[in-house]
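> Quick one: structure below, then a few questions.
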Amino acid sequence: INGADSKTISCCFDFVMTNPPFYDTLEEASLRRNGDGRERIDKSESEGVYHRGGELGFVIDMIRDSFHLQQQVKWYTSMIGRKKNLIAVERLLKWLGFSKANVRVTSFIQGKTTRWGIGWTFEKMPARTARTKSLALTFDVKVPVQRRLVPLLKNIEENEVLKEVANRIYQFAHYDVKIPIKLKCSTRTDTASHGSEIIITIIADTEYSCKSTFFDDHQIRQVRFYSFLVGETRKTLKLPLLLPREGHFLLDARIKVLKDFDEVSNICRSVVVNVHSFSHSAKGSDIIGKIIGQMKGEISRTNRRWRRKKDREGQL
C-alpha cells in the first residue's frame, strides 16, 4: 500500500482492522489497575505502548495515513478502549468532513468491560441509509371534491386529489418554506403498493460533485490533526465534505389518498402524507428541522397564515 498511488488505484483492500497499543508511556503500562490493584497483562513495549499519544495518538495517526491512501481501502477500522478517546475520534472525523454515513461506531460488551469499534470510509455513500435517518412526520390533508360514484370517475378524482397535494408540496418547497437555501423537487409514482402513491423528493438546489472524494496533497499537508482540539475551523483548511450527490439532506414525502370520504363533511378526500428525512451533517439536520416544523401547517393549510387568509375571504 505504501508504494501505491492512491489517485490511480480505486481500491485494493476491503478493510483495515487494528487494535491499538493502549498506553502512551511504559510507566503507565507498568502501574497496577486502578480498580482492583491487579497487575497489568504482560506485554512487550511495542505491543502495549505507543509513545505518540497512546491509543488516541495511534488512531489519529491512522486517520492521517488514511488521507494518503483514501479509497485504496474501503473501510478503516480500529478498536478503542476509552470512551473519551472514542468521542475525540468522532469529533475529529466530523471536523474533517466525514458525513454520518461515512462513519460507523459499535460497542463490544463482555461482562462489566466495554470496548468500542469505529470505522470510516472515503467511499461515496447513498443518500438514504439507516445511519442517516432523521426526523419523520405523518399528517392528513383534507381536499374538497365533488363525490363521484362511477368507478372510472372516482379514479380520475383520486388522481386530481394527489396532484393537488403534490402541487402544494412543490409550492411550499419552492416559495413558502422559510430557510436560507433554495430547494428543488422531483416526483415519481409508486404503483407497487396498494393503490397509487406519489413520492416527492426534496433536496437542496445545489450540485454536489461525486466524481472524486480525493483530498489533494496541499489539503493533506494543511491538516493539523490536533488543531481541532484548539478550535481551528474547517473553513480555514478548505477541506471538502464527503457528501452524496444529493448533498447535506434529503426528504421523501409519500402521498396517498385514503379510500373513505371524510365522515363529517362527506365532501372532502383525506390524503395521508408520510415524510421521511435523511441527514448527512449538522447543517442537514438543522435544515430538516426547519422544513419539518413548517411543512404540516402549510400543506394542510391549517397554520396561522392560512387561517387569516380564510378569515379575510369569509369577510368579503
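Identifiers for the C-alpha cells are assigned positionally: chains receive A, B, ... in sequence, residues are indexed from 1 per chain, and ligands are indexed from 1 in the order shown.
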With only C-alpha atoms as the counted atoms, please give the residues lying no more than 10 Å from region 120-129 of chain A, apart from itself and same-chain residues fewer than 6 positions off, as a PyMOL selection string.
chain A and resi 10-11+15+63+66-67+69-78+90+93+98-105+210-215+242-252+276-280
> Could you check which of A:Leu135, A:Val271, A:Ile80, A:Val143 is closest to Ile198 (chain A), using only C-alpha atoms?
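The answer is A:Val271, which sits nearest to Ile198 (chain A).
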> Using CA of Gly119 (chain A) and CA of Leu92 (chain A) as the two end points, give the distance in Å to one decimal.
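According to the coordinates, CA of Gly119 (chain A) and CA of Leu92 (chain A) are separated by 12.7 Å.
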> Just to confirm, what's the straight-line distance from CA of Glu313 (chain A) to CA of Ile179 (chain A) in Å (one decimal)?
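So the answer is 28.1 Å.
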> Env of Lys182 (chain A): 9 Å cut, atoms = only C-alpha atoms, seq-sep filter 2 positions within chain, self excluded. Answer as a list in words.
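Non-adjacent residues within range: Ala173, His174, Tyr175, Ile179, Pro180, Lys184, Ile203, Ala204, Asp205 and Thr206 of chain A.
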> Which of these, A:Arg188, A:Lys163, A:Arg305, A:Lys296, has the shortest distance to Val257 (chain A) once you count only C-alpha atoms?
A:Lys163
> Contacts between region 18-21 of chain A and region 95-171 of chain A, please, where a residue of region 95-171 of chain A counts if it comes within 12 Å (with only C-alpha atoms); show its shortest atom pair and distance in Å to one decimal, rows by chain and ascending number, as JSON lines.

{"residue": "A:Arg115", "atom": "CA", "partner": "A:Asn19", "partner_atom": "CA", "distance": 10.8}
{"residue": "A:Trp116", "atom": "CA", "partner": "A:Asn19", "partner_atom": "CA", "distance": 10.6}
{"residue": "A:Gly117", "atom": "CA", "partner": "A:Asn19", "partner_atom": "CA", "distance": 9.4}
{"residue": "A:Ile118", "atom": "CA", "partner": "A:Thr18", "partner_atom": "CA", "distance": 10.1}
{"residue": "A:Gly119", "atom": "CA", "partner": "A:Thr18", "partner_atom": "CA", "distance": 10.3}
> With all heavy atoms retained, could you export that selection as an mmCIF file, in the first residue's frame?

data_model
loop_
_atom_site.group_PDB
_atom_site.id
_atom_site.type_symbol
_atom_site.label_atom_id
_atom_site.label_comp_id
_atom_site.auth_asym_id
_atom_site.auth_seq_id
_atom_site.Cartn_x
_atom_site.Cartn_y
_atom_site.Cartn_z
ATOM 1 N N ARG A 115 -15.760 -2.120 25.266
ATOM 2 C CA ARG A 115 -14.844 -1.546 24.298
ATOM 3 C C ARG A 115 -15.666 -1.085 23.097
ATOM 4 O O ARG A 115 -16.810 -1.485 22.923
ATOM 5 C CB ARG A 115 -13.776 -2.572 23.856
ATOM 6 C CG ARG A 115 -12.880 -3.055 24.992
ATOM 7 C CD ARG A 115 -11.912 -1.980 25.417
ATOM 8 N NE ARG A 115 -11.012 -2.433 26.465
ATOM 9 C CZ ARG A 115 -11.173 -2.206 27.751
ATOM 10 N NH1 ARG A 115 -12.250 -1.542 28.163
ATOM 11 N NH2 ARG A 115 -10.299 -2.632 28.632
ATOM 12 N N TRP A 116 -15.067 -0.226 22.289
ATOM 13 C CA TRP A 116 -15.789 0.325 21.147
ATOM 14 C C TRP A 116 -15.012 0.104 19.858
ATOM 15 O O TRP A 116 -13.779 0.005 19.862
ATOM 16 C CB TRP A 116 -16.013 1.829 21.345
ATOM 17 C CG TRP A 116 -16.887 2.128 22.504
ATOM 18 C CD1 TRP A 116 -18.247 2.267 22.512
ATOM 19 C CD2 TRP A 116 -16.465 2.294 23.865
ATOM 20 N NE1 TRP A 116 -18.691 2.517 23.778
ATOM 21 C CE2 TRP A 116 -17.628 2.535 24.633
ATOM 22 C CE3 TRP A 116 -15.221 2.249 24.508
ATOM 23 C CZ2 TRP A 116 -17.577 2.743 26.005
ATOM 24 C CZ3 TRP A 116 -15.171 2.449 25.879
ATOM 25 C CH2 TRP A 116 -16.338 2.695 26.619
ATOM 26 N N GLY A 117 -15.746 0.009 18.776
ATOM 27 C CA GLY A 117 -15.135 -0.070 17.456
ATOM 28 C C GLY A 117 -15.597 1.106 16.617
ATOM 29 O O GLY A 117 -16.761 1.502 16.673
ATOM 30 N N ILE A 118 -14.684 1.679 15.850
ATOM 31 C CA ILE A 118 -15.036 2.797 14.976
ATOM 32 C C ILE A 118 -14.445 2.543 13.595
ATOM 33 O O ILE A 118 -13.360 1.964 13.467
ATOM 34 C CB ILE A 118 -14.526 4.142 15.555
ATOM 35 C CG1 ILE A 118 -15.115 5.311 14.750
ATOM 36 C CG2 ILE A 118 -13.004 4.206 15.580
ATOM 37 C CD1 ILE A 118 -14.966 6.657 15.433
ATOM 38 N N GLY A 119 -15.186 2.922 12.578
ATOM 39 C CA GLY A 119 -14.724 2.769 11.204
ATOM 40 C C GLY A 119 -15.072 3.993 10.382
ATOM 41 O O GLY A 119 -16.055 4.684 10.667
#
> Nearest to Lys142 (chain A) among A:Asp190, A:Glu164, A:Asp311, A:Glu55, with distances taken over only C-alpha atoms: which residue is it?
A:Glu164
> DSSP on the backbone, then: every residue of region 49-181 of chain A marked helix (DSSP H, G or I), written as a count of residues only.
61
> In Å, with one decimal, what is the gap from CA of Ile292 (chain A) to CA of Arg91 (chain A)?
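Rounded to one decimal, the two atoms are 26.8 Å apart.
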> Using only C-alpha atoms, pick whichever of A:Ala136, A:Val275, A:Ala130, A:Leu56 has the shortest atom-to-atom distance to Arg254 (chain A).
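Result for the nearest residue to Arg254 (chain A): A:Val275.
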> Would you mind telling me which residue in A:Pro144, A:Phe22, A:Ile255, A:Asn274 lies nearest to Arg52 (chain A) when using only C-alpha atoms?
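Smallest separation from Arg52 (chain A) among the options: A:Phe22.
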